[in-house]
Amino acid sequence: MKGKFNYEKLTEFEKWVILKKGTEPPFRNEYWNHFEEGVYVCKLCGQPLFKSEDKFFSSSGWPSFDKAIKGAVREIPEEPPDDRIEVVCSKCNAHLGHVFYGEGLTPRNVRYCINSASIKFIPKGEEVDSN
Ligand code: FE
């Protein structure tokens, strides 16, 4: 799998988040308060992951979505004591963030809490350049 994707285009910070499962700071990231029409793609492989219509303001300081594009992400339970559920890109395994259920924030009752560093916004009408 290595070599097919945009490893060389990632910044050191993006590599830390995407490859080492780092977490960027809340409120100091590109998309936490970004609400334009379009699609968010994986920064590493370009696969479309989330649609703007499924993004909501959670006040967490990270981009929050209550739905992922079908088949685009995989959910991986973490070991105790964290018991969080990691979310990765289904195509390239890039670390995206975590998913939380049952918070009651939206009718779907799901919050994908995603690092801005792991995604790239493509405005509506622009071509999605998926590898
Ligand atoms: Fe990917």
# chains A, B, ... in the order shown; residues from 1 in each chain; ligands from 1
>>> closest_atom_pairs(of="chain A", to="ligand 1", cutoff="10 Å", atoms="only C-alpha atoms and all ligand atoms", output="Markdown table")
| residue | atom | partner | partner_atom_place_in_ligand_line | distance |
| --- | --- | --- | --- | --- |
| A:Phe5 | CA | ligand 1 | 1 (Fe) | 8.1 |
| A:Asn6 | CA | ligand 1 | 1 (Fe) | 9.5 |
| A:Ile18 | CA | ligand 1 | 1 (Fe) | 9.4 |
| A:Val41 | CA | ligand 1 | 1 (Fe) | 7.8 |
| A:Cys42 | CA | ligand 1 | 1 (Fe) | 4.6 |
| A:Lys43 | CA | ligand 1 | 1 (Fe) | 6.6 |
| A:Leu44 | CA | ligand 1 | 1 (Fe) | 5.1 |
| A:Cys45 | CA | ligand 1 | 1 (Fe) | 4.1 |
| A:Gly46 | CA | ligand 1 | 1 (Fe) | 6.0 |
| A:Gln47 | CA | ligand 1 | 1 (Fe) | 5.5 |
| A:Pro48 | CA | ligand 1 | 1 (Fe) | 8.4 |
| A:Leu49 | CA | ligand 1 | 1 (Fe) | 8.4 |
| A:Ala72 | CA | ligand 1 | 1 (Fe) | 8.4 |
| A:Val73 | CA | ligand 1 | 1 (Fe) | 8.6 |
| A:Val88 | CA | ligand 1 | 1 (Fe) | 7.8 |
| A:Cys89 | CA | ligand 1 | 1 (Fe) | 4.6 |
| A:Ser90 | CA | ligand 1 | 1 (Fe) | 6.6 |
| A:Lys91 | CA | ligand 1 | 1 (Fe) | 5.1 |
| A:Cys92 | CA | ligand 1 | 1 (Fe) | 4.1 |
| A:Asn93 | CA | ligand 1 | 1 (Fe) | 6.0 |
| A:Ala94 | CA | ligand 1 | 1 (Fe) | 5.3 |
| A:His95 | CA | ligand 1 | 1 (Fe) | 8.5 |
| A:Leu96 | CA | ligand 1 | 1 (Fe) | 8.9 |
| A:Ser118 | CA | ligand 1 | 1 (Fe) | 8.7 |
| A:Ile119 | CA | ligand 1 | 1 (Fe) | 8.9 |
| A:Ser130 | CA | ligand 1 | 1 (Fe) | 9.2 |
| A:Asn131 | CA | ligand 1 | 1 (Fe) | 9.2 |
>>> residues_around(residues="Ile114 in chain A", least_positions_apart="3", cutoff="12 Å", atoms="only C-alpha atoms", output="MDAnalysis selection string")
chainID A and resid 17:18 21:26 29:32 40:42 49:50 55:56 58 60:68 73 85:89 94:100 111 117:120
>>> closest_residue(among="A:Lys4, A:Arg28, A:Phe35, A:Thr11", to="Phe121 in chain A", atoms="only C-alpha atoms")
A:Phe35
>>> select_by_dssp(residues="chain A", states="alpha helix (DSSP H)", output="list of chain:residue names")
A:Glu12, A:Phe13, A:Glu14, A:Lys15, A:Trp16, A:Val17, A:Ile18, A:Leu19, A:Lys20
>>> write_last_selection(atoms="N, CA and C atoms", output="PDB file, in the first residue's frame")
ATOM      1  N   GLU A  12       5.068  17.400   8.290  1.00  0.00           N
ATOM      2  CA  GLU A  12       5.457  16.574   9.440  1.00  0.00           C
ATOM      3  C   GLU A  12       4.286  16.450  10.432  1.00  0.00           C
ATOM      4  N   PHE A  13       3.549  17.556  10.598  1.00  0.00           N
ATOM      5  CA  PHE A  13       2.406  17.519  11.517  1.00  0.00           C
ATOM      6  C   PHE A  13       1.324  16.570  11.010  1.00  0.00           C
ATOM      7  N   GLU A  14       1.050  16.636   9.716  1.00  0.00           N
ATOM      8  CA  GLU A  14       0.048  15.735   9.130  1.00  0.00           C
ATOM      9  C   GLU A  14       0.483  14.285   9.259  1.00  0.00           C
ATOM     10  N   LYS A  15       1.763  14.027   9.084  1.00  0.00           N
ATOM     11  CA  LYS A  15       2.261  12.652   9.260  1.00  0.00           C
ATOM     12  C   LYS A  15       2.040  12.181  10.688  1.00  0.00           C
ATOM     13  N   TRP A  16       2.270  13.067  11.642  1.00  0.00           N
ATOM     14  CA  TRP A  16       2.075  12.705  13.055  1.00  0.00           C
ATOM     15  C   TRP A  16       0.615  12.327  13.317  1.00  0.00           C
ATOM     16  N   VAL A  17      -0.309  13.113  12.779  1.00  0.00           N
ATOM     17  CA  VAL A  17      -1.732  12.822  12.994  1.00  0.00           C
ATOM     18  C   VAL A  17      -2.155  11.576  12.215  1.00  0.00           C
ATOM     19  N   ILE A  18      -1.828  11.542  10.933  1.00  0.00           N
ATOM     20  CA  ILE A  18      -2.367  10.521  10.038  1.00  0.00           C
ATOM     21  C   ILE A  18      -1.692   9.167  10.222  1.00  0.00           C
ATOM     22  N   LEU A  19      -0.385   9.178  10.439  1.00  0.00           N
ATOM     23  CA  LEU A  19       0.360   7.910  10.511  1.00  0.00           C
ATOM     24  C   LEU A  19       0.638   7.475  11.943  1.00  0.00           C
ATOM     25  N   LYS A  20       0.717   8.445  12.870  1.00  0.00           N
ATOM     26  CA  LYS A  20       1.032   8.116  14.268  1.00  0.00           C
ATOM     27  C   LYS A  20      -0.167   8.274  15.191  1.00  0.00           C
TER      28      LYS A  20
END
>>> select_by_dssp(residues="range 74-104 of chain A", states="strand (DSSP E or B)", output="PyMOL selection string")
chain A and resi 74-77+85-89+95-101
>>> closest_residue(among="A:Glu126, A:Ile69, A:Leu105, A:Cys113", to="Arg84 in chain A", atoms="only C-alpha atoms")
A:Cys113
>>> atom_distance(atom1="CA of Pro123 in chain A", atom2="CA of Lys51 in chain A")
10.3 Å
